[in-house]
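Reproduced below: query-v2.csv, with CSV, C-alpha atoms.
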chain,number,residue,atom,x,y,z
A,1,MET,CA,5.3,-69.5,-12.1
A,2,ARG,CA,9.0,-69.6,-11.2
A,3,THR,CA,11.4,-71.0,-13.8
A,4,LEU,CA,13.3,-74.0,-12.5
A,5,SER,CA,15.3,-76.8,-14.1
A,6,THR,CA,13.3,-80.0,-14.7
A,7,ASP,CA,14.9,-81.8,-11.7
A,8,ARG,CA,14.4,-79.0,-9.3
A,9,LEU,CA,10.9,-78.4,-10.6
A,10,PHE,CA,9.8,-81.9,-9.7
A,11,GLU,CA,11.7,-82.0,-6.4
A,12,ARG,CA,9.8,-78.9,-5.2
A,13,MET,CA,6.4,-80.2,-6.4
A,14,ARG,CA,5.3,-81.9,-3.2
A,15,PRO,CA,1.8,-81.5,-1.7
A,16,ARG,CA,1.9,-78.7,0.9
A,17,ARG,CA,-1.7,-78.7,2.1
A,18,THR,CA,-5.1,-80.0,1.5
A,19,PHE,CA,-8.5,-78.3,1.9
A,20,GLY,CA,-12.1,-78.9,0.9
A,21,ALA,CA,-13.4,-77.5,-2.4
A,22,ALA,CA,-15.9,-78.1,-5.2
A,23,TRP,CA,-14.8,-78.6,-8.8
A,24,ALA,CA,-16.5,-78.0,-12.2
A,25,ALA,CA,-15.5,-79.5,-15.6
A,26,GLY,CA,-16.6,-79.1,-19.2
A,27,VAL,CA,-16.7,-75.3,-19.1
A,28,ALA,CA,-14.6,-73.0,-21.4
A,29,LEU,CA,-14.5,-69.2,-21.5
A,30,ILE,CA,-13.6,-66.9,-24.4
A,31,ALA,CA,-11.6,-64.1,-22.9
A,32,ALA,CA,-11.5,-60.6,-24.3
A,33,SER,CA,-8.4,-60.5,-26.5
A,34,ALA,CA,-7.0,-59.5,-29.8
A,35,GLY,CA,-7.9,-62.9,-31.1
A,36,ALA,CA,-11.6,-62.9,-30.0
A,37,THR,CA,-14.3,-61.0,-31.8
A,38,THR,CA,-16.4,-58.6,-29.9
A,39,ALA,CA,-19.4,-60.9,-30.4
A,40,LEU,CA,-17.6,-63.9,-28.9
A,41,ALA,CA,-15.6,-62.2,-26.1
A,42,GLY,CA,-16.9,-63.1,-22.6
A,43,THR,CA,-18.9,-66.1,-23.8
A,44,ALA,CA,-18.7,-69.3,-21.8
A,45,LEU,CA,-19.3,-72.7,-23.4
A,46,VAL,CA,-20.8,-75.6,-21.4
A,47,GLY,CA,-21.1,-79.2,-22.8
A,48,ASN,CA,-24.4,-80.9,-22.0
A,49,GLU,CA,-23.7,-84.6,-22.0
A,50,ASN,CA,-27.3,-85.8,-21.9
A,51,GLY,CA,-28.5,-83.2,-24.4
A,52,GLY,CA,-25.9,-83.6,-27.1
A,53,THR,CA,-25.5,-79.8,-27.2
A,54,ILE,CA,-23.2,-77.0,-26.1
A,55,SER,CA,-24.8,-74.0,-24.4
A,56,LEU,CA,-23.4,-70.5,-25.0
A,57,ILE,CA,-23.6,-68.2,-22.0
A,58,ASP,CA,-23.0,-64.4,-21.9
A,59,THR,CA,-20.9,-64.0,-18.7
A,60,ARG,CA,-21.7,-60.3,-18.6
A,61,SER,CA,-25.5,-60.9,-18.3
A,62,ASP,CA,-25.3,-64.5,-17.1
A,63,GLU,CA,-27.8,-65.5,-19.7
A,64,VAL,CA,-27.9,-68.4,-22.2
A,65,ILE,CA,-27.6,-66.8,-25.6
A,66,GLY,CA,-27.5,-69.9,-27.9
A,67,GLU,CA,-27.0,-73.6,-28.4
A,68,ILE,CA,-24.9,-75.7,-30.7
A,69,LYS,CA,-26.0,-79.2,-31.6
A,70,THR,CA,-23.2,-81.6,-31.5
A,71,GLY,CA,-25.0,-84.9,-31.0
A,72,GLY,CA,-23.4,-87.6,-28.9
A,73,LYS,CA,-22.2,-86.8,-25.4
A,74,PRO,CA,-20.0,-83.6,-25.4
A,75,ARG,CA,-17.6,-83.6,-22.5
A,76,GLY,CA,-14.4,-81.5,-22.3
A,77,THR,CA,-14.3,-78.2,-24.1
A,78,ALA,CA,-11.5,-75.9,-25.1
A,79,ILE,CA,-11.5,-72.7,-27.1
A,80,HIS,CA,-9.2,-71.3,-29.8
A,81,ALA,CA,-10.3,-67.7,-29.8
A,82,ALA,CA,-8.0,-66.6,-32.7
A,83,ARG,CA,-9.5,-69.3,-35.0
A,84,LYS,CA,-13.0,-68.9,-33.5
A,85,LEU,CA,-13.1,-72.7,-32.9
A,86,ALA,CA,-14.0,-74.9,-30.0
A,87,TYR,CA,-12.6,-78.3,-29.5
A,88,VAL,CA,-15.0,-80.7,-27.8
A,89,SER,CA,-14.5,-84.4,-26.8
A,90,ASP,CA,-17.4,-86.7,-27.7
A,91,GLN,CA,-17.6,-90.0,-25.8
A,92,PRO,CA,-19.9,-92.1,-28.1
A,93,SER,CA,-17.9,-91.3,-31.3
A,94,ASN,CA,-14.5,-91.4,-29.5
A,95,ALA,CA,-13.7,-88.2,-31.3
A,96,LEU,CA,-12.6,-84.6,-30.9
A,97,LEU,CA,-15.2,-82.4,-32.4
A,98,VAL,CA,-14.0,-79.2,-34.1
A,99,VAL,CA,-16.8,-76.6,-33.8
A,100,ASP,CA,-17.0,-73.4,-35.8
A,101,LEU,CA,-18.3,-70.8,-33.3
A,102,GLU,CA,-19.5,-68.4,-35.9
A,103,LYS,CA,-21.3,-71.0,-37.9
A,104,ARG,CA,-22.3,-72.8,-34.7
A,105,SER,CA,-21.7,-76.2,-36.3
A,106,VAL,CA,-19.4,-79.1,-36.1
A,107,VAL,CA,-16.9,-78.9,-39.1
A,108,LYS,CA,-14.6,-81.8,-38.4
A,109,LYS,CA,-14.2,-84.9,-36.2
A,110,VAL,CA,-10.7,-86.2,-35.1
A,111,ASP,CA,-10.4,-89.8,-34.0
A,112,LEU,CA,-8.9,-89.9,-30.4
A,113,GLY,CA,-9.6,-93.4,-29.1
A,114,GLU,CA,-12.1,-94.9,-26.7
A,115,SER,CA,-13.8,-92.6,-24.2
A,116,PRO,CA,-12.1,-89.1,-24.4
A,117,GLU,CA,-12.6,-86.8,-21.5
A,118,GLY,CA,-10.8,-83.5,-20.6
A,119,VAL,CA,-9.6,-81.2,-23.5
A,120,TYR,CA,-7.2,-78.3,-23.0
A,121,ILE,CA,-5.3,-75.9,-25.4
A,122,SER,CA,-1.7,-74.8,-25.1
A,123,PRO,CA,-0.9,-71.2,-24.2
A,124,ASP,CA,0.4,-70.5,-27.7
A,125,GLY,CA,-2.7,-72.2,-29.3
A,126,LYS,CA,-0.6,-74.7,-31.3
A,127,LEU,CA,-1.7,-77.9,-29.5
A,128,VAL,CA,-4.8,-79.4,-28.0
A,129,ALA,CA,-4.3,-82.1,-25.3
A,130,ALA,CA,-7.1,-84.6,-24.9
A,131,ALA,CA,-7.2,-87.2,-22.1
A,132,VAL,CA,-8.4,-90.6,-23.4
A,133,GLU,CA,-9.7,-92.8,-20.6
A,134,LEU,CA,-9.6,-96.4,-21.9
A,135,THR,CA,-6.3,-96.1,-23.8
A,136,ASN,CA,-4.7,-94.4,-20.7
A,137,SER,CA,-3.1,-91.9,-23.0
A,138,ILE,CA,-3.0,-88.2,-23.9
A,139,VAL,CA,-3.5,-87.3,-27.6
A,140,PHE,CA,-1.9,-84.1,-28.8
A,141,VAL,CA,-3.7,-82.5,-31.8
A,142,ASP,CA,-2.0,-79.9,-34.0
A,143,THR,CA,-4.4,-77.0,-34.4
A,144,THR,CA,-2.9,-75.9,-37.8
A,145,THR,CA,-4.1,-79.2,-39.3
A,146,ASP,CA,-6.6,-80.4,-36.7
A,147,ALA,CA,-5.0,-83.8,-36.9
A,148,PRO,CA,-3.2,-85.9,-34.2
A,149,ALA,CA,0.4,-85.0,-33.8
A,150,PHE,CA,1.5,-87.5,-31.2
A,151,ARG,CA,0.2,-89.6,-28.3
A,152,VAL,CA,1.8,-90.2,-24.8
A,153,LYS,CA,0.9,-93.2,-22.7
A,154,ILE,CA,0.6,-92.6,-18.9
A,155,LYS,CA,1.2,-95.1,-16.1
A,156,GLY,CA,-2.0,-94.5,-14.2
A,157,GLU,CA,-5.5,-95.5,-15.3
A,158,ASN,CA,-8.5,-93.5,-16.5
A,159,PRO,CA,-7.0,-90.0,-17.2
A,160,GLU,CA,-9.6,-87.3,-16.7
A,161,HIS,CA,-7.7,-84.0,-17.3
A,162,ALA,CA,-4.5,-83.0,-19.2
A,163,VAL,CA,-3.7,-79.4,-18.4
A,164,PHE,CA,-0.8,-77.3,-19.9
A,165,SER,CA,1.5,-75.5,-17.6
A,166,PRO,CA,1.4,-71.7,-18.0
A,167,ASP,CA,4.6,-71.7,-20.0
A,168,GLY,CA,3.4,-74.6,-22.2
A,169,ARG,CA,6.4,-76.8,-21.4
A,170,PHE,CA,4.5,-79.5,-19.5
A,171,VAL,CA,1.1,-81.2,-19.4
A,172,TYR,CA,-0.2,-82.3,-16.0
A,173,VAL,CA,-2.5,-85.4,-16.1
A,174,SER,CA,-4.9,-86.6,-13.4
A,175,ALA,CA,-5.6,-90.3,-13.6
A,176,GLU,CA,-8.6,-90.9,-11.4
A,177,GLU,CA,-7.9,-94.6,-10.8
A,178,ASP,CA,-4.6,-93.6,-9.1
A,179,ASP,CA,-3.2,-91.3,-6.5
A,180,LYS,CA,-0.6,-89.5,-8.6
A,181,LEU,CA,-0.4,-86.4,-10.9
A,182,GLU,CA,1.6,-87.4,-14.0
A,183,VAL,CA,3.8,-84.9,-15.9
A,184,ILE,CA,4.4,-84.9,-19.6
A,185,ASP,CA,7.3,-83.0,-21.2
A,186,VAL,CA,5.7,-81.6,-24.4
A,187,ALA,CA,8.9,-81.0,-26.4
A,188,ALA,CA,10.3,-84.5,-25.5
A,189,ARG,CA,6.8,-86.1,-26.0
A,190,SER,CA,7.3,-88.3,-23.0
A,191,LEU,CA,6.2,-88.9,-19.4
A,192,VAL,CA,8.9,-87.5,-17.1
A,193,ALA,CA,7.4,-87.7,-13.6
A,194,GLN,CA,4.7,-88.9,-11.3
A,195,LEU,CA,3.8,-86.8,-8.2
A,196,LYS,CA,1.9,-88.4,-5.4
A,197,VAL,CA,-1.2,-86.4,-4.4
A,198,GLY,CA,-4.3,-88.1,-3.0
A,199,THR,CA,-7.0,-90.6,-3.9
A,200,ARG,CA,-8.8,-90.2,-7.2
A,201,PRO,CA,-7.3,-86.9,-8.5
A,202,ARG,CA,-9.4,-85.0,-11.0
A,203,GLY,CA,-9.4,-81.3,-11.8
A,204,ILE,CA,-6.2,-79.3,-12.1
A,205,ALA,CA,-5.7,-75.5,-11.8
A,206,PHE,CA,-2.7,-73.1,-11.6
A,207,THR,CA,-2.2,-70.2,-9.3
A,208,PRO,CA,0.9,-68.0,-9.5
A,209,GLY,CA,3.6,-70.4,-8.3
A,210,ASP,CA,1.3,-73.3,-7.2
A,211,ILE,CA,-0.7,-76.2,-8.7
A,212,ALA,CA,-4.1,-77.2,-7.2
A,213,VAL,CA,-5.2,-80.7,-7.8
A,214,GLY,CA,-8.8,-81.7,-7.0
A,215,GLU,CA,-9.6,-85.1,-5.6
A,216,THR,CA,-12.5,-87.0,-4.2
A,217,PRO,CA,-13.9,-87.1,-1.6
A,218,TRP,CA,-13.9,-83.3,-1.6
A,219,GLY,CA,-10.3,-82.3,-1.1
A,220,VAL,CA,-7.6,-80.3,-2.9
A,221,HIS,CA,-3.8,-80.8,-2.9
A,222,ILE,CA,-1.6,-77.7,-3.3
A,223,LEU,CA,1.8,-78.4,-5.0
A,224,ASP,CA,4.6,-75.8,-4.9
Do you think you could lay out the structure here as structure tokens?
Amino acid sequence: MRTLSTDRLFERMRPRRTFGAAWAAGVALIAASAGATTALAGTALVGNENGGTISLIDTRSDEVIGEIKTGGKPRGTAIHAARKLAYVSDQPSNALLVVDLEKRSVVKKVDLGESPEGVYISPDGKLVAAAVELTNSIVFVDTTTDAPAFRVKIKGENPEHAVFSPDGRFVYVSAEEDDKLEVIDVAARSLVAQLKVGTRPRGIAFTPGDIAVGETPWGVHILD
């Protein structure tokens, strides 16, 4: 992604085109890296809301290789490969579950607020961002202490996803009861922009130089 000043960055982030696509949520992948053990590398985690479990899938063989019981209703999932932990939002307990991937058990619960959804980890692994629907806020959790560090309120309602930019400077939030993508400056701990996209935005992904924002019914906005 190109490096721009904050003002120029938001001036250039205008929807350029829209096309149909399907979106998936609640899936996290452990990439092969220095921080991931051989046993865990290439494993995908999928939260099963109605089953109260997380399925482990070997992406090389496309087979389910295990299951972790979390109870409740696991939703968003993020992985800290270096610490061999997964962070999972649980709607009934209004908490972020810290899951030890080697022990395959929940080792801590972090209070987030009512109805947490998407969970994402910063590129440097220092923060987890969790979207909390009914408080219309994003909770940032410090991964060194596994405790909330700060919370940022958004203007839209019902935030679904809170995704870090590739450089970790910003978090982009989709509030599905709105038509805007909201931008949080992580260092400033504040909301700095709202970018109009389309009706009911949800999933967010980055390509080299662009942001793709999924919306319903079945469309995607591309922002430069």
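Among the candidates A:Ile121, A:Ile154, A:Val107, A:Ile65, the residue lying nearest to Leu134 of chain A is A:Ile154 (atoms considered: all atoms listed in the file).
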Given the point (-11.7, -78.0, -32.5) in the file's coordinates, find the residues that have an atom at most 6 Å from it, counting only C-alpha atoms, and give them as a ChimeraX atom specification. /A:85-87,97-99
Separation of atom CA of Asn158 of chain A from atom CA of Asn94 of chain A in Å: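 Computing it gives 14.5 Å between the two atoms.
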Residues near His161 of chain A, cut-off 8 Å, only C-alpha atoms, skip fewer than 4 positions along chain, as a CSV table (one decimal) with C-alpha atoms, in the frame of the given file:
chain,number,residue,atom,x,y,z
A,117,GLU,CA,-12.6,-86.8,-21.5
A,118,GLY,CA,-10.8,-83.5,-20.6
A,119,VAL,CA,-9.6,-81.2,-23.5
A,130,ALA,CA,-7.1,-84.6,-24.9
A,131,ALA,CA,-7.2,-87.2,-22.1
A,172,TYR,CA,-0.2,-82.3,-16.0
A,173,VAL,CA,-2.5,-85.4,-16.1
A,174,SER,CA,-4.9,-86.6,-13.4
A,175,ALA,CA,-5.6,-90.3,-13.6
A,202,ARG,CA,-9.4,-85.0,-11.0
A,203,GLY,CA,-9.4,-81.3,-11.8
A,204,ILE,CA,-6.2,-79.3,-12.1
Rounded to one decimal in Å, what is the spacing between atom CA of Gly113 of chain A and atom CA of Pro148 of chain A? 11.1 Å
Nearest to Thr143 of chain A: which of A:Ser190, A:Thr77, A:Ser122, A:Thr53 is it, counting all atoms listed in the file?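 Smallest separation from Thr143 of chain A among the options: A:Ser122.
Going from atom CA of Thr145 of chain A to atom CA of Ser89 of chain A covers 17.1 Å.
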Write out as a PyMOL selection string which residues come within 7 Å of Ile57 of chain A when counting all atoms listed in the file, dropping same-chain ones fewer than 4 positions away. chain A and resi 43-45+62-65
Calculated over only C-alpha atoms, which of the candidates A:Val132, A:Val186, A:Ala78, A:Ala41 has the smallest distance to Asp167 of chain A?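 Of the candidates, the smallest distance to Asp167 of chain A is held by A:Val186.
Every residue within 12 Å of the file position (-22.6, -85.8, -34.6), judged by all atoms listed in the file, is given as Gly52, Thr53, Ile68, Lys69, Thr70, Gly71, Gly72, Lys73, Pro74, Val88, Ser89, Asp90, Gln91, Pro92, Ser93, Asn94, Ala95, Leu96, Leu97, Val98, Val99, Ser105, Val106, Val107, Lys108, Lys109 and Val110 of chain A.
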As a PDB file, in the coordinates of the input, the rebuilt segment 156-167 of chain A with all heavy atoms:
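File produced: selection_20.pdb:
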ATOM      1  N   GLY A 156      -0.789 -94.319 -14.922  1.00  0.00           N
ATOM      2  CA  GLY A 156      -2.000 -94.500 -14.200  1.00  0.00           C
ATOM      3  C   GLY A 156      -3.175 -94.868 -15.139  1.00  0.00           C
ATOM      4  O   GLY A 156      -3.008 -94.925 -16.360  1.00  0.00           O
ATOM      5  N   GLU A 157      -4.348 -95.113 -14.547  1.00  0.00           N
ATOM      6  CA  GLU A 157      -5.500 -95.500 -15.300  1.00  0.00           C
ATOM      7  C   GLU A 157      -6.602 -94.468 -15.267  1.00  0.00           C
ATOM      8  O   GLU A 157      -6.776 -93.792 -14.273  1.00  0.00           O
ATOM      9  CB  GLU A 157      -6.056 -96.866 -14.808  1.00  0.00           C
ATOM     10  CG  GLU A 157      -5.102 -98.032 -15.014  1.00  0.00           C
ATOM     11  CD  GLU A 157      -5.715 -99.346 -14.587  1.00  0.00           C
ATOM     12  OE1 GLU A 157      -6.863 -99.339 -14.092  1.00  0.00           O
ATOM     13  OE2 GLU A 157      -5.048-100.381 -14.742  1.00  0.00           O
ATOM     14  N   ASN A 158      -7.318 -94.363 -16.395  1.00  0.00           N
ATOM     15  CA  ASN A 158      -8.500 -93.500 -16.500  1.00  0.00           C
ATOM     16  C   ASN A 158      -8.132 -92.007 -16.366  1.00  0.00           C
ATOM     17  O   ASN A 158      -8.599 -91.315 -15.454  1.00  0.00           O
ATOM     18  CB  ASN A 158      -9.522 -93.887 -15.444  1.00  0.00           C
ATOM     19  CG  ASN A 158     -10.899 -93.320 -15.736  1.00  0.00           C
ATOM     20  OD1 ASN A 158     -11.110 -92.674 -16.756  1.00  0.00           O
ATOM     21  ND2 ASN A 158     -11.823 -93.546 -14.822  1.00  0.00           N
ATOM     22  N   PRO A 159      -7.318 -91.471 -17.282  1.00  0.00           N
ATOM     23  CA  PRO A 159      -7.000 -90.000 -17.200  1.00  0.00           C
ATOM     24  C   PRO A 159      -8.226 -89.175 -17.480  1.00  0.00           C
ATOM     25  O   PRO A 159      -8.990 -89.431 -18.408  1.00  0.00           O
ATOM     26  CB  PRO A 159      -5.954 -89.864 -18.335  1.00  0.00           C
ATOM     27  CG  PRO A 159      -6.228 -90.987 -19.291  1.00  0.00           C
ATOM     28  CD  PRO A 159      -6.683 -92.133 -18.443  1.00  0.00           C
ATOM     29  N   GLU A 160      -8.401 -88.176 -16.634  1.00  0.00           N
ATOM     30  CA  GLU A 160      -9.600 -87.300 -16.700  1.00  0.00           C
ATOM     31  C   GLU A 160      -9.195 -85.932 -17.340  1.00  0.00           C
ATOM     32  O   GLU A 160      -9.928 -85.415 -18.163  1.00  0.00           O
ATOM     33  CB  GLU A 160     -10.139 -87.054 -15.330  1.00  0.00           C
ATOM     34  CG  GLU A 160     -10.861 -88.248 -14.763  1.00  0.00           C
ATOM     35  CD  GLU A 160     -12.305 -88.334 -15.239  1.00  0.00           C
ATOM     36  OE1 GLU A 160     -12.961 -87.290 -15.359  1.00  0.00           O
ATOM     37  OE2 GLU A 160     -12.752 -89.455 -15.503  1.00  0.00           O
ATOM     38  N   HIS A 161      -8.073 -85.376 -16.896  1.00  0.00           N
ATOM     39  CA  HIS A 161      -7.700 -84.000 -17.300  1.00  0.00           C
ATOM     40  C   HIS A 161      -6.221 -84.006 -17.726  1.00  0.00           C
ATOM     41  O   HIS A 161      -5.405 -84.744 -17.169  1.00  0.00           O
ATOM     42  CB  HIS A 161      -7.942 -83.028 -16.204  1.00  0.00           C
ATOM     43  CG  HIS A 161      -9.373 -82.965 -15.771  1.00  0.00           C
ATOM     44  ND1 HIS A 161     -10.321 -82.231 -16.444  1.00  0.00           N
ATOM     45  CD2 HIS A 161     -10.027 -83.573 -14.745  1.00  0.00           C
ATOM     46  CE1 HIS A 161     -11.498 -82.382 -15.854  1.00  0.00           C
ATOM     47  NE2 HIS A 161     -11.338 -83.196 -14.825  1.00  0.00           N
ATOM     48  N   ALA A 162      -5.897 -83.142 -18.681  1.00  0.00           N
ATOM     49  CA  ALA A 162      -4.500 -83.000 -19.200  1.00  0.00           C
ATOM     50  C   ALA A 162      -4.299 -81.510 -19.436  1.00  0.00           C
ATOM     51  O   ALA A 162      -4.628 -80.989 -20.499  1.00  0.00           O
ATOM     52  CB  ALA A 162      -4.310 -83.805 -20.444  1.00  0.00           C
ATOM     53  N   VAL A 163      -3.718 -80.830 -18.435  1.00  0.00           N
ATOM     54  CA  VAL A 163      -3.700 -79.400 -18.400  1.00  0.00           C
ATOM     55  C   VAL A 163      -2.251 -78.871 -18.687  1.00  0.00           C
ATOM     56  O   VAL A 163      -1.295 -79.329 -18.052  1.00  0.00           O
ATOM     57  CB  VAL A 163      -4.167 -78.831 -17.064  1.00  0.00           C
ATOM     58  CG1 VAL A 163      -4.200 -77.312 -17.065  1.00  0.00           C
ATOM     59  CG2 VAL A 163      -5.545 -79.398 -16.746  1.00  0.00           C
ATOM     60  N   PHE A 164      -2.119 -77.913 -19.601  1.00  0.00           N
ATOM     61  CA  PHE A 164      -0.800 -77.300 -19.900  1.00  0.00           C
ATOM     62  C   PHE A 164      -0.369 -76.402 -18.765  1.00  0.00           C
ATOM     63  O   PHE A 164      -1.185 -75.681 -18.173  1.00  0.00           O
ATOM     64  CB  PHE A 164      -0.892 -76.492 -21.182  1.00  0.00           C
ATOM     65  CG  PHE A 164      -0.939 -77.311 -22.444  1.00  0.00           C
ATOM     66  CD1 PHE A 164      -2.155 -77.714 -22.968  1.00  0.00           C
ATOM     67  CD2 PHE A 164       0.232 -77.676 -23.097  1.00  0.00           C
ATOM     68  CE1 PHE A 164      -2.212 -78.468 -24.140  1.00  0.00           C
ATOM     69  CE2 PHE A 164       0.197 -78.426 -24.261  1.00  0.00           C
ATOM     70  CZ  PHE A 164      -1.031 -78.833 -24.788  1.00  0.00           C
ATOM     71  N   SER A 165       0.933 -76.430 -18.476  1.00  0.00           N
ATOM     72  CA  SER A 165       1.500 -75.500 -17.600  1.00  0.00           C
ATOM     73  C   SER A 165       1.430 -74.069 -18.194  1.00  0.00           C
ATOM     74  O   SER A 165       1.313 -73.948 -19.415  1.00  0.00           O
ATOM     75  CB  SER A 165       2.955 -75.812 -17.232  1.00  0.00           C
ATOM     76  OG  SER A 165       3.757 -75.804 -18.411  1.00  0.00           O
ATOM     77  N   PRO A 166       1.481 -73.005 -17.393  1.00  0.00           N
ATOM     78  CA  PRO A 166       1.400 -71.700 -18.000  1.00  0.00           C
ATOM     79  C   PRO A 166       2.403 -71.343 -19.042  1.00  0.00           C
ATOM     80  O   PRO A 166       2.135 -70.548 -19.938  1.00  0.00           O
ATOM     81  CB  PRO A 166       1.552 -70.751 -16.738  1.00  0.00           C
ATOM     82  CG  PRO A 166       1.028 -71.566 -15.609  1.00  0.00           C
ATOM     83  CD  PRO A 166       1.469 -72.973 -15.913  1.00  0.00           C
ATOM     84  N   ASP A 167       3.589 -71.972 -18.960  1.00  0.00           N
ATOM     85  CA  ASP A 167       4.600 -71.700 -20.000  1.00  0.00           C
ATOM     86  C   ASP A 167       4.516 -72.720 -21.145  1.00  0.00           C
ATOM     87  O   ASP A 167       5.282 -72.627 -22.108  1.00  0.00           O
ATOM     88  CB  ASP A 167       6.018 -71.746 -19.397  1.00  0.00           C
ATOM     89  CG  ASP A 167       6.382 -73.080 -18.747  1.00  0.00           C
ATOM     90  OD1 ASP A 167       5.604 -74.053 -18.897  1.00  0.00           O
ATOM     91  OD2 ASP A 167       7.435 -73.156 -18.087  1.00  0.00           O
TER      92      ASP A 167
END
